[in-house]
$ cat protein-v7.csv   # CSV, C-alpha atoms
chain,number,residue,atom,x,y,z
J,1,MET,CA,-2.3,-18.6,-15.5
J,2,VAL,CA,-3.1,-17.6,-11.9
J,3,VAL,CA,-3.2,-14.1,-10.4
J,4,ILE,CA,-3.1,-14.0,-6.6
J,5,GLY,CA,-4.8,-10.8,-5.3
J,6,ALA,CA,-7.7,-8.8,-6.5
J,7,GLY,CA,-6.6,-5.3,-5.6
J,8,PRO,CA,-5.5,-2.6,-8.1
J,9,TYR,CA,-2.5,-4.5,-9.3
J,10,GLY,CA,-4.2,-7.9,-9.5
J,11,LEU,CA,-7.2,-6.5,-11.3
J,12,SER,CA,-5.1,-4.5,-13.7
J,13,VAL,CA,-2.9,-7.5,-14.6
J,14,ALA,CA,-5.9,-9.8,-15.0
J,15,ALA,CA,-7.6,-7.3,-17.3
J,16,HIS,CA,-4.6,-7.1,-19.6
J,17,LEU,CA,-4.2,-10.9,-19.7
J,18,ARG,CA,-7.9,-11.5,-20.5
J,19,ALA,CA,-7.8,-8.8,-23.2
J,20,ALA,CA,-4.9,-10.7,-24.8
J,21,GLY,CA,-6.9,-13.9,-24.8
J,22,VAL,CA,-4.8,-15.6,-22.1
J,23,PRO,CA,-6.8,-18.0,-19.8
J,24,VAL,CA,-6.5,-16.6,-16.3
J,25,ARG,CA,-8.0,-17.3,-12.9
J,26,ILE,CA,-7.8,-14.6,-10.3
J,27,PHE,CA,-8.1,-15.3,-6.6
J,28,GLY,CA,-8.9,-13.0,-3.7
J,29,GLU,CA,-11.6,-10.7,-2.5
J,30,VAL,CA,-12.1,-7.7,-4.8
J,31,MET,CA,-10.4,-4.6,-3.2
J,32,ASP,CA,-10.0,-6.6,0.0
J,33,SER,CA,-7.4,-4.3,1.8
J,34,TRP,CA,-9.3,-1.2,0.8
J,35,ARG,CA,-12.5,-2.6,2.3
J,36,HIS,CA,-11.1,-4.2,5.4
J,37,ALA,CA,-7.8,-2.6,6.3
J,38,MET,CA,-8.8,1.1,6.0
J,39,ALA,CA,-10.9,2.7,8.7
J,40,THR,CA,-14.3,4.0,7.8
J,41,GLY,CA,-14.1,7.7,6.9
J,42,MET,CA,-10.6,7.6,5.4
J,43,PHE,CA,-9.6,9.3,2.2
J,44,LEU,CA,-6.9,8.5,-0.4
J,45,LYS,CA,-3.9,10.7,-0.3
J,46,SER,CA,-3.4,10.4,-4.0
J,47,THR,CA,-5.0,12.8,-6.5
J,48,PRO,CA,-7.6,11.6,-9.0
J,49,ASP,CA,-5.1,11.4,-11.9
J,50,ALA,CA,-2.9,9.1,-9.8
J,51,THR,CA,-5.6,6.5,-8.9
J,52,ASP,CA,-6.5,5.0,-12.2
J,53,LEU,CA,-6.3,1.2,-12.6
J,54,SER,CA,-4.7,0.0,-15.8
J,55,ALA,CA,-7.4,-1.0,-18.4
J,56,PRO,CA,-6.4,-2.6,-21.7
J,57,GLU,CA,-8.5,-0.1,-23.6
J,58,PRO,CA,-9.8,3.5,-23.1
J,59,GLY,CA,-12.8,4.0,-20.7
J,60,GLY,CA,-11.5,2.5,-17.5
J,61,ARG,CA,-10.3,5.5,-15.6
J,62,LEU,CA,-11.7,6.8,-12.3
J,63,ALA,CA,-13.1,9.8,-14.3
J,64,ASP,CA,-14.9,7.3,-16.6
J,65,PHE,CA,-16.4,5.5,-13.7
J,66,ARG,CA,-17.7,8.8,-12.2
J,67,LYS,CA,-19.1,9.8,-15.6
J,68,VAL,CA,-20.9,6.5,-16.2
J,69,ARG,CA,-22.5,6.8,-12.7
J,70,GLY,CA,-23.5,10.4,-13.2
J,71,GLU,CA,-21.2,11.5,-10.4
J,72,SER,CA,-19.3,14.8,-10.4
J,73,GLU,CA,-15.8,15.1,-11.7
J,74,LEU,CA,-13.0,14.9,-9.1
J,75,THR,CA,-10.1,17.4,-9.1
J,76,GLU,CA,-6.9,17.7,-7.2
J,77,LEU,CA,-8.9,19.8,-4.7
J,78,THR,CA,-11.3,16.9,-4.1
J,79,PRO,CA,-10.0,14.3,-1.6
J,80,ILE,CA,-11.2,10.8,-2.7
J,81,PRO,CA,-13.1,8.8,-0.1
J,82,CYS,CA,-11.9,5.2,0.1
J,83,ASP,CA,-15.4,3.9,-0.4
J,84,VAL,CA,-15.5,5.7,-3.8
J,85,PHE,CA,-12.2,4.0,-4.8
J,86,VAL,CA,-13.6,0.6,-3.7
J,87,ARG,CA,-16.7,1.1,-5.8
J,88,TYR,CA,-14.5,2.1,-8.7
J,89,GLY,CA,-12.4,-1.1,-8.3
J,90,GLN,CA,-15.6,-3.2,-8.2
J,91,TRP,CA,-16.9,-1.5,-11.4
J,92,PHE,CA,-13.5,-2.1,-13.1
J,93,GLN,CA,-13.6,-5.8,-12.2
J,94,LYS,CA,-17.0,-6.3,-13.7
J,95,ARG,CA,-16.1,-4.4,-16.8
J,96,TYR,CA,-12.6,-5.7,-17.6
J,97,VAL,CA,-11.9,-8.7,-15.5
J,98,GLY,CA,-15.0,-10.8,-15.0
J,99,ASP,CA,-15.2,-13.6,-12.4
J,100,VAL,CA,-12.9,-13.3,-9.4
J,101,GLU,CA,-12.7,-16.4,-7.2
J,102,PRO,CA,-12.9,-15.5,-3.5
J,103,ALA,CA,-11.0,-18.6,-2.4
J,104,LYS,CA,-7.8,-18.0,-0.6
J,105,VAL,CA,-4.6,-19.3,-2.0
J,106,ALA,CA,-2.9,-21.5,0.7
J,107,GLY,CA,0.1,-22.8,-1.2
J,108,VAL,CA,2.1,-22.4,-4.4
J,109,ASP,CA,4.9,-24.8,-5.4
J,110,ARG,CA,6.6,-26.1,-8.4
J,111,ASP,CA,4.7,-28.8,-10.3
J,112,PRO,CA,6.8,-31.9,-10.0
J,113,GLY,CA,5.2,-33.5,-13.1
J,114,ALA,CA,5.4,-30.6,-15.6
J,115,PRO,CA,6.7,-27.1,-16.1
J,116,GLY,CA,4.7,-24.6,-14.1
J,117,PHE,CA,3.2,-24.5,-10.6
J,118,VAL,CA,0.7,-26.3,-8.4
J,119,VAL,CA,-1.7,-23.9,-6.6
J,120,GLY,CA,-3.5,-25.1,-3.5
J,121,LEU,CA,-6.6,-23.4,-2.2
J,122,ASP,CA,-7.8,-23.1,1.4
J,123,ASP,CA,-10.8,-25.3,0.6
J,124,GLY,CA,-8.5,-28.2,-0.4
J,125,ARG,CA,-8.7,-27.8,-4.2
J,126,GLN,CA,-5.6,-27.8,-6.3
J,127,LEU,CA,-4.9,-26.6,-9.8
J,128,THR,CA,-2.0,-26.2,-12.1
J,129,ALA,CA,-0.7,-22.9,-13.6
J,130,ALA,CA,1.8,-22.2,-16.3
J,131,ALA,CA,2.7,-19.0,-14.5
J,132,VAL,CA,1.7,-17.2,-11.3
J,133,VAL,CA,1.5,-13.4,-10.6
J,134,VAL,CA,1.6,-12.4,-7.0
J,135,ALA,CA,-0.2,-9.1,-6.4
J,136,THR,CA,-1.1,-9.3,-2.7
J,137,GLY,CA,-0.3,-5.7,-1.9
J,138,LEU,CA,0.7,-5.0,1.7
J,139,ASN,CA,-1.1,-8.1,3.2
J,140,GLY,CA,1.2,-9.6,5.8
J,141,LEU,CA,3.8,-6.9,5.7
J,142,ALA,CA,2.6,-4.7,8.6
J,143,TYR,CA,5.6,-3.7,10.8
J,144,LEU,CA,5.6,-3.2,14.5
J,145,PRO,CA,8.7,-2.2,16.5
J,146,LYS,CA,9.9,-4.8,18.9
J,147,GLU,CA,9.3,-2.5,21.9
J,148,LEU,CA,5.5,-2.5,21.1
J,149,LEU,CA,5.4,-6.3,20.5
J,150,ARG,CA,6.1,-6.8,24.1
J,151,LEU,CA,2.6,-5.6,24.8
J,152,THR,CA,0.9,-8.5,23.0
J,153,PRO,CA,2.5,-11.9,23.2
J,154,GLU,CA,-0.5,-13.3,21.2
J,155,GLY,CA,0.1,-10.9,18.4
J,156,PRO,CA,-1.2,-7.4,17.6
J,157,ALA,CA,-5.0,-7.1,16.9
J,158,ALA,CA,-7.8,-4.6,17.3
J,159,GLY,CA,-8.8,-6.3,20.6
J,160,ALA,CA,-5.3,-6.4,22.0
J,161,LEU,CA,-3.3,-3.7,23.8
J,162,VAL,CA,-1.6,-2.8,20.5
J,163,SER,CA,-2.7,-3.0,16.9
J,164,HIS,CA,-1.5,-1.8,13.5
J,165,THR,CA,-3.6,0.6,11.5
J,166,SER,CA,-4.1,-2.1,8.9
J,167,HIS,CA,-6.1,-4.1,11.4
J,168,HIS,CA,-9.0,-1.7,11.4
J,169,SER,CA,-12.1,-0.8,9.4
J,170,ASP,CA,-13.8,1.0,12.3
J,171,LEU,CA,-12.1,3.1,14.9
J,172,SER,CA,-15.3,4.2,16.7
J,173,GLN,CA,-14.8,1.2,19.1
J,174,TYR,CA,-12.2,3.2,21.0
J,175,ALA,CA,-14.6,6.0,22.0
J,176,GLY,CA,-13.8,7.3,25.5
J,177,GLN,CA,-10.5,5.4,25.6
J,178,ARG,CA,-7.0,6.8,25.9
J,179,ILE,CA,-5.1,6.0,22.7
J,180,ALA,CA,-1.5,6.6,21.7
J,181,VAL,CA,-0.9,6.7,18.0
J,182,ILE,CA,2.7,6.0,17.0
J,183,GLY,CA,3.9,7.6,13.7
J,184,GLY,CA,3.9,10.8,11.8
J,185,GLY,CA,2.7,9.9,8.3
J,186,GLN,CA,-0.7,10.0,6.7
J,187,SER,CA,-2.0,6.8,8.3
J,188,ALA,CA,-1.1,8.1,11.8
J,189,LEU,CA,-2.5,11.6,11.4
J,190,GLU,CA,-5.7,10.5,9.7
J,191,SER,CA,-6.3,7.8,12.3
J,192,SER,CA,-5.8,10.3,15.1
J,193,ALA,CA,-8.4,12.6,13.5
J,194,LEU,CA,-10.9,9.8,13.2
J,195,LEU,CA,-10.3,8.6,16.7
J,196,HIS,CA,-10.7,12.2,18.1
J,197,GLU,CA,-13.9,12.7,16.1
J,198,ALA,CA,-15.2,9.4,17.5
J,199,GLY,CA,-14.7,10.5,21.1
J,200,ALA,CA,-11.3,9.0,21.9
J,201,HIS,CA,-8.6,10.8,23.9
J,202,VAL,CA,-5.7,10.7,21.5
J,203,GLU,CA,-2.0,11.6,21.6
J,204,VAL,CA,0.2,11.2,18.6
J,205,LEU,CA,3.9,10.3,19.2
J,206,VAL,CA,6.1,11.4,16.3
J,207,ARG,CA,9.8,10.5,16.0
J,208,GLU,CA,10.6,13.5,13.7
J,209,ARG,CA,11.2,17.0,14.9
J,210,ARG,CA,8.0,18.2,13.2
J,211,VAL,CA,5.0,17.0,11.2
J,212,LEU,CA,5.1,17.7,7.5
J,213,TRP,CA,2.0,18.6,5.5
J,214,GLY,CA,1.3,18.6,1.8
J,215,SER,CA,0.6,21.9,0.1
J,216,VAL,CA,-2.7,22.9,-1.3
J,217,PRO,CA,-2.7,22.1,-5.0
J,218,ARG,CA,-2.9,24.9,-7.6
J,219,LEU,CA,-4.9,24.0,-10.6
J,220,ASP,CA,-3.6,27.0,-12.6
J,221,ARG,CA,0.1,27.0,-12.0
J,222,PRO,CA,2.0,29.4,-14.4
J,223,TRP,CA,4.2,27.7,-16.9
J,224,PRO,CA,7.5,28.8,-15.3
J,225,GLN,CA,6.4,27.1,-12.1
J,226,ARG,CA,5.3,24.0,-14.0
J,227,LEU,CA,8.7,23.9,-15.8
J,228,ALA,CA,10.7,24.3,-12.5
J,229,GLN,CA,8.5,21.9,-10.6
J,230,PRO,CA,6.8,19.5,-13.1
J,231,ALA,CA,3.8,17.5,-11.8
J,232,SER,CA,3.8,13.7,-11.4
J,233,PRO,CA,1.5,11.1,-9.8
J,234,LEU,CA,3.7,11.3,-6.6
J,235,GLY,CA,3.9,15.1,-6.4
J,236,THR,CA,5.9,18.0,-8.0
J,237,GLY,CA,9.6,18.1,-8.7
J,238,TRP,CA,12.0,16.8,-11.3
J,239,THR,CA,13.1,13.8,-9.2
J,240,LEU,CA,9.5,12.5,-8.7
J,241,ALA,CA,8.7,13.2,-12.3
J,242,ALA,CA,11.7,11.3,-13.5
J,243,ILE,CA,11.1,8.2,-11.4
J,244,CYS,CA,7.4,8.2,-12.4
J,245,GLU,CA,8.2,8.6,-16.1
J,246,ALA,CA,10.9,5.9,-16.2
J,247,PRO,CA,10.5,3.1,-13.6
J,248,GLY,CA,12.6,0.9,-15.9
J,249,GLY,CA,15.4,3.4,-15.6
J,250,VAL,CA,15.2,3.2,-11.8
J,251,ARG,CA,15.7,-0.5,-12.1
J,252,LEU,CA,19.1,0.0,-13.9
J,253,LEU,CA,20.5,2.0,-10.9
J,254,PRO,CA,22.8,0.3,-8.5
J,255,ALA,CA,20.9,-1.5,-5.7
J,256,ALA,CA,22.2,0.9,-3.0
J,257,ALA,CA,20.9,3.9,-5.0
J,258,ARG,CA,17.6,2.2,-5.6
J,259,LEU,CA,17.1,1.5,-1.9
J,260,LEU,CA,18.1,5.0,-0.9
J,261,LEU,CA,15.6,6.4,-3.4
J,262,PHE,CA,12.9,4.0,-2.1
J,263,ARG,CA,13.4,5.0,1.5
J,264,ARG,CA,13.9,8.8,1.1
J,265,ALA,CA,12.0,9.9,-2.0
J,266,LEU,CA,8.7,10.2,-0.1
J,267,GLY,CA,9.0,10.8,3.6
J,268,PRO,CA,6.1,10.7,6.1
J,269,SER,CA,3.6,13.6,5.7
J,270,GLY,CA,0.0,14.4,6.0
J,271,GLY,CA,-2.4,15.4,3.2
J,272,TRP,CA,-3.1,19.1,3.0
J,273,TRP,CA,-6.8,18.6,3.4
J,274,LEU,CA,-6.3,16.8,6.8
J,275,ARG,CA,-4.3,19.5,8.5
J,276,ASP,CA,-7.3,21.4,10.0
J,277,ARG,CA,-8.5,18.2,11.6
J,278,VAL,CA,-5.3,17.6,13.4
J,279,GLU,CA,-3.2,20.7,14.0
J,280,GLY,CA,-4.3,22.4,17.2
J,281,VAL,CA,-7.0,19.8,17.6
J,282,VAL,CA,-5.1,16.5,18.5
J,283,PRO,CA,-2.1,16.6,20.8
J,284,VAL,CA,1.0,15.8,18.9
J,285,ARG,CA,4.4,15.1,20.6
J,286,THR,CA,7.4,15.4,18.2
J,287,SER,CA,11.0,14.3,18.7
J,288,CYS,CA,9.9,11.4,20.8
J,289,ARG,CA,10.5,7.7,20.8
J,290,VAL,CA,9.0,4.8,22.7
J,291,ILE,CA,11.9,2.9,24.3
J,292,ARG,CA,9.9,0.6,26.5
J,293,ALA,CA,6.3,-0.7,26.6
J,294,GLU,CA,4.8,-2.8,29.3
J,295,ALA,CA,1.3,-4.2,29.9
J,296,SER,CA,-0.2,-3.4,33.3
J,297,GLY,CA,-3.6,-5.1,33.6
J,298,SER,CA,-5.8,-3.6,30.9
J,299,THR,CA,-3.5,-0.7,30.2
J,300,ALA,CA,-0.2,-0.1,28.4
J,301,ARG,CA,2.6,1.9,30.1
J,302,LEU,CA,4.9,3.6,27.6
J,303,GLU,CA,8.3,5.0,28.4
J,304,ILE,CA,9.1,7.9,26.0
J,305,THR,CA,12.3,9.7,25.5
J,306,ARG,CA,12.3,13.4,24.3
J,307,PRO,CA,15.1,16.0,24.1
J,308,GLY,CA,14.2,17.2,27.6
J,309,GLY,CA,14.3,13.7,29.2
J,310,SER,CA,12.0,10.8,29.5
J,311,GLU,CA,8.4,10.4,30.7
J,312,ARG,CA,5.7,7.8,31.1
J,313,LEU,CA,2.4,7.6,29.4
J,314,VAL,CA,-0.5,5.3,30.4
J,315,VAL,CA,-3.1,4.4,27.7
J,316,ASP,CA,-5.8,1.9,27.0
J,317,HIS,CA,-4.6,1.1,23.5
J,318,VAL,CA,-1.6,1.7,21.3
J,319,LEU,CA,-2.3,2.2,17.6
J,320,ALA,CA,0.9,1.6,15.5
J,321,ALA,CA,1.0,3.6,12.3
J,322,THR,CA,4.6,2.3,11.8
J,323,GLY,CA,4.4,1.3,8.2
J,324,TYR,CA,5.3,-1.9,6.4
J,325,ARG,CA,8.5,-4.0,5.9
J,326,LEU,CA,9.0,-5.6,2.5
J,327,ASP,CA,9.9,-9.2,3.1
J,328,ILE,CA,9.5,-12.1,0.7
J,329,ASP,CA,9.2,-14.5,3.6
J,330,ALA,CA,5.9,-12.8,4.5
J,331,LEU,CA,4.4,-14.6,1.4
J,332,ALA,CA,3.8,-17.7,3.5
J,333,PHE,CA,1.7,-19.3,0.7
J,334,LEU,CA,4.9,-19.7,-1.4
J,335,ALA,CA,6.6,-23.0,-0.6
J,336,PRO,CA,9.8,-22.6,1.4
J,337,ALA,CA,11.9,-24.1,-1.5
J,338,LEU,CA,10.2,-21.6,-3.9
J,339,ARG,CA,11.0,-18.7,-1.6
J,340,ARG,CA,14.6,-19.8,-1.3
J,341,GLY,CA,14.9,-19.7,-5.1
J,342,ILE,CA,14.0,-16.0,-5.2
J,343,VAL,CA,17.1,-13.8,-5.2
J,344,CYS,CA,16.5,-10.6,-3.2
J,345,VAL,CA,17.8,-7.1,-3.7
J,346,PRO,CA,21.1,-6.8,-1.8
J,347,ARG,CA,20.6,-5.6,1.8
J,348,SER,CA,16.8,-6.1,1.4
J,349,LYS,CA,14.2,-8.9,1.6
J,350,ALA,CA,12.4,-7.6,-1.5
J,351,PRO,CA,12.7,-9.7,-4.7
J,352,GLN,CA,15.0,-9.0,-7.5
J,353,LEU,CA,12.9,-8.7,-10.6
J,354,SER,CA,13.5,-8.6,-14.4
J,355,SER,CA,12.3,-5.8,-16.5
J,356,THR,CA,8.9,-7.6,-16.8
J,357,PHE,CA,8.6,-8.2,-13.0
J,358,GLU,CA,9.6,-11.8,-13.2
J,359,THR,CA,11.5,-13.2,-10.2
J,360,THR,CA,14.5,-15.5,-10.5
J,361,VAL,CA,12.0,-18.3,-10.3
J,362,PRO,CA,10.9,-18.6,-14.0
J,363,GLY,CA,7.2,-18.0,-14.4
J,364,LEU,CA,6.7,-16.4,-11.0
J,365,TYR,CA,6.0,-12.7,-11.1
J,366,ILE,CA,5.6,-10.2,-8.3
J,367,THR,CA,4.2,-6.7,-8.5
J,368,GLY,CA,3.0,-3.9,-6.3
J,369,SER,CA,4.8,-2.6,-3.2
J,370,LEU,CA,7.2,-5.6,-3.2
J,371,ALA,CA,8.5,-4.3,-6.6
J,372,ALA,CA,9.3,-0.8,-5.3
J,373,PRO,CA,12.9,-1.5,-4.4
J,374,MET,CA,13.5,-2.5,-8.0
J,375,PHE,CA,11.3,0.0,-9.9
J,376,GLY,CA,11.0,2.9,-7.5
J,377,PRO,CA,8.4,4.3,-5.1
J,378,MET,CA,5.6,4.6,-7.8
J,379,MET,CA,5.0,0.9,-7.3
J,380,ARG,CA,3.8,1.7,-3.8
J,381,PHE,CA,0.9,3.5,-5.3
J,382,VAL,CA,-2.0,2.8,-7.7
J,383,ALA,CA,-0.3,4.9,-10.3
J,384,GLY,CA,2.2,2.1,-10.9
J,385,THR,CA,-0.4,-0.3,-12.3
J,386,GLU,CA,-0.2,1.3,-15.8
J,387,TYR,CA,3.5,0.5,-16.0
J,388,ALA,CA,3.4,-2.9,-14.5
J,389,ALA,CA,0.2,-4.6,-15.9
J,390,ALA,CA,1.0,-4.4,-19.6
J,391,ARG,CA,4.6,-5.6,-19.2
J,392,ILE,CA,3.6,-8.5,-17.0
J,393,ALA,CA,0.8,-9.6,-19.2
J,394,ARG,CA,2.9,-9.4,-22.4
J,395,ASP,CA,5.7,-11.5,-20.9
J,396,ALA,CA,3.7,-13.9,-18.8
J,397,SER,CA,1.6,-14.9,-21.8
J,398,ARG,CA,4.6,-16.7,-23.3
J,399,TRP,CA,4.2,-19.4,-20.7
J,400,VAL,CA,0.7,-20.3,-21.9
J,401,VAL,CA,0.8,-22.9,-24.7
J,402,ALA,CA,-1.9,-22.4,-27.3
J,403,PRO,CA,-4.3,-25.4,-27.6
$ encode --input "protein-v7.csv" --output "structure tokens"
Amino acid sequence: MVVIGAGPYGLSVAAHLRAAGVPVRIFGEVMDSWRHAMATGMFLKSTPDATDLSAPEPGGRLADFRKVRGESELTELTPIPCDVFVRYGQWFQKRYVGDVEPAKVAGVDRDPGAPGFVVGLDDGRQLTAAAVVVATGLNGLAYLPKELLRLTPEGPAAGALVSHTSHHSDLSQYAGQRIAVIGGGQSALESSALLHEAGAHVEVLVRERRVLWGSVPRLDRPWPQRLAQPASPLGTGWTLAAICEAPGGVRLLPAAARLLLFRRALGPSGGWWLRDRVEGVVPVRTSCRVIRAEASGSTARLEITRPGGSERLVVDHVLAATGYRLDIDALAFLAPALRRGIVCVPRSKAPQLSSTFETTVPGLYITGSLAAPMFGPMMRFVAGTEYAAARIARDASRWVVAP
């Protein structure tokens, strides 16, 4: 079997497969996106209890990693630095997964000579696999509004007039420059704080009427409050608790209801611990929208509409924290015929999946964020690995014929 991707979902699935004695090869750079698509100095928005990878046996939680390393215990009042999470993922890989091959998967297609797939690597090698698990996270899914794409015909990048937050591991390169950050969620707000602290002149442009912030966790909530607002990996409240407790139940909802839940269950907001670094520190314009963007030499000219009218803003760079669009066609390594065989959720480009995360192409599994329109928003977060990994491993092992 082949697992594509060595982030939280890929590592968790591979760990369960290997524990079950299934021969598996996993391709990718360990914790790649967390190392290269997150700016230095960023923290996880999730709490410690919601950041555990799924191990096939006890002892693989973030708390276990901290204990083994002689590091202090983390609580809900302790924001987790991304570099701590990366080290945890690397430790998990060595303990539960073993070898991860850094080669990039360049192509996956049906094997014309036998059941299963042919997997091509970027170094020219090919191998066959009885089943394939795609766990590539948000790679290739970054979304930029068409108004901003006009600034960069060659494509968005850190060195272009516009980039996406996923393009950066170091924002200090923008020291002294005028930067417009587009978005009102955690990525936008934390990036703006890091830019400001690095010496950039930042303005945040938010479409919503106000910026929302998380509340400071209470470790000793009284039981009536815990009953009225139960805790879950995604926050407090009965709705979030229900979709975290039963992702399989979410899958049974009508497609329209699932998509509504996916889009609205967790709106853009900033972590409670970030508020003091942004509010009253970084200029934030709310209720505004970029309706036109033009390149003028080495600067970008933005036309912005607000309730009081429109105005222009000239900046040296535009940083888009505009999220991600789930699109099966972004998995360019899947052969076109293979992608055409994947039925999508109605009114979506996300794959329709079985209860074990199998697509409509037998033997091809997809997990992580692309599974969220089927199983709910928990699949957008590390907390979903526990539900997904064991189910995929149990089902996918049926494709492997014992010698």
$ residues_near_point --input "protein-v7.csv" --point "(-13.4, 7.7, 15.2)" --cutoff "10 Å" --atoms "only C-alpha atoms" --output "mmCIF file with C-alpha atoms, in the coordinates of the input"
data_model
loop_
_atom_site.group_PDB
_atom_site.id
_atom_site.type_symbol
_atom_site.label_atom_id
_atom_site.label_comp_id
_atom_site.auth_asym_id
_atom_site.auth_seq_id
_atom_site.Cartn_x
_atom_site.Cartn_y
_atom_site.Cartn_z
ATOM 1 C CA ALA J 39 -10.900 2.700 8.700
ATOM 2 C CA THR J 40 -14.300 4.000 7.800
ATOM 3 C CA GLY J 41 -14.100 7.700 6.900
ATOM 4 C CA ASP J 170 -13.800 1.000 12.300
ATOM 5 C CA LEU J 171 -12.100 3.100 14.900
ATOM 6 C CA SER J 172 -15.300 4.200 16.700
ATOM 7 C CA GLN J 173 -14.800 1.200 19.100
ATOM 8 C CA TYR J 174 -12.200 3.200 21.000
ATOM 9 C CA ALA J 175 -14.600 6.000 22.000
ATOM 10 C CA GLU J 190 -5.700 10.500 9.700
ATOM 11 C CA SER J 191 -6.300 7.800 12.300
ATOM 12 C CA SER J 192 -5.800 10.300 15.100
ATOM 13 C CA ALA J 193 -8.400 12.600 13.500
ATOM 14 C CA LEU J 194 -10.900 9.800 13.200
ATOM 15 C CA LEU J 195 -10.300 8.600 16.700
ATOM 16 C CA HIS J 196 -10.700 12.200 18.100
ATOM 17 C CA GLU J 197 -13.900 12.700 16.100
ATOM 18 C CA ALA J 198 -15.200 9.400 17.500
ATOM 19 C CA GLY J 199 -14.700 10.500 21.100
ATOM 20 C CA ALA J 200 -11.300 9.000 21.900
#
$ atom_distance --input "protein-v7.csv" --atom1 "CA of Ser269 (chain J)" --atom2 "CA of Arg209 (chain J)"
12.4 Å
$ residues_around --input "protein-v7.csv" --residues "Pro217 (chain J)" --least-positions-apart "6" --cutoff "12 Å" --atoms "only C-alpha atoms" --output "PDB file with C-alpha atoms, in the coordinates of the input"
ATOM      1  CA  SER J  46      -3.400  10.400  -4.000  1.00  0.00           C
ATOM      2  CA  THR J  47      -5.000  12.800  -6.500  1.00  0.00           C
ATOM      3  CA  THR J  75     -10.100  17.400  -9.100  1.00  0.00           C
ATOM      4  CA  GLU J  76      -6.900  17.700  -7.200  1.00  0.00           C
ATOM      5  CA  LEU J  77      -8.900  19.800  -4.700  1.00  0.00           C
ATOM      6  CA  THR J  78     -11.300  16.900  -4.100  1.00  0.00           C
ATOM      7  CA  PRO J  79     -10.000  14.300  -1.600  1.00  0.00           C
ATOM      8  CA  ALA J 231       3.800  17.500 -11.800  1.00  0.00           C
ATOM      9  CA  GLY J 235       3.900  15.100  -6.400  1.00  0.00           C
ATOM     10  CA  THR J 236       5.900  18.000  -8.000  1.00  0.00           C
ATOM     11  CA  GLY J 271      -2.400  15.400   3.200  1.00  0.00           C
ATOM     12  CA  TRP J 272      -3.100  19.100   3.000  1.00  0.00           C
ATOM     13  CA  TRP J 273      -6.800  18.600   3.400  1.00  0.00           C
TER      14      TRP J 273
END
$ residues_around --input "protein-v7.csv" --residues "Glu101 (chain J)" --least-positions-apart "3" --cutoff "7 Å" --atoms "all atoms listed in the file" --output "JSON, numbers by chain"
{"J": [26, 27, 28]}
$ closest_residue --input "protein-v7.csv" --among "J:Tyr365, J:Phe117, J:Trp34, J:Trp238" --to "Ala389 (chain J)" --atoms "all atoms listed in the file"
J:Tyr365
$ closest_residue --input "protein-v7.csv" --among "J:Arg87, J:Arg306, J:Arg275, J:Arg258" --to "Pro346 (chain J)" --atoms "all atoms listed in the file"
J:Arg258
$ atom_distance --input "protein-v7.csv" --atom1 "CA of Phe381 (chain J)" --atom2 "CA of Val86 (chain J)"
14.9 Å
$ atom_distance --input "protein-v7.csv" --atom1 "CA of Leu331 (chain J)" --atom2 "CA of Gln352 (chain J)"
14.9 Å
$ closest_residue --input "protein-v7.csv" --among "J:Ser169, J:Ala188, J:Gly363, J:Gln225" --to "Trp399 (chain J)" --atoms "only C-alpha atoms"
J:Gly363
$ closest_residue --input "protein-v7.csv" --among "J:Val134, J:Val202, J:Ile80, J:Leu319" --to "Pro351 (chain J)" --atoms "all atoms listed in the file"
J:Val134
$ closest_residue --input "protein-v7.csv" --among "J:Glu203, J:Glu245, J:Asp109, J:Glu71" --to "Val282 (chain J)" --atoms "all atoms listed in the file"
J:Glu203
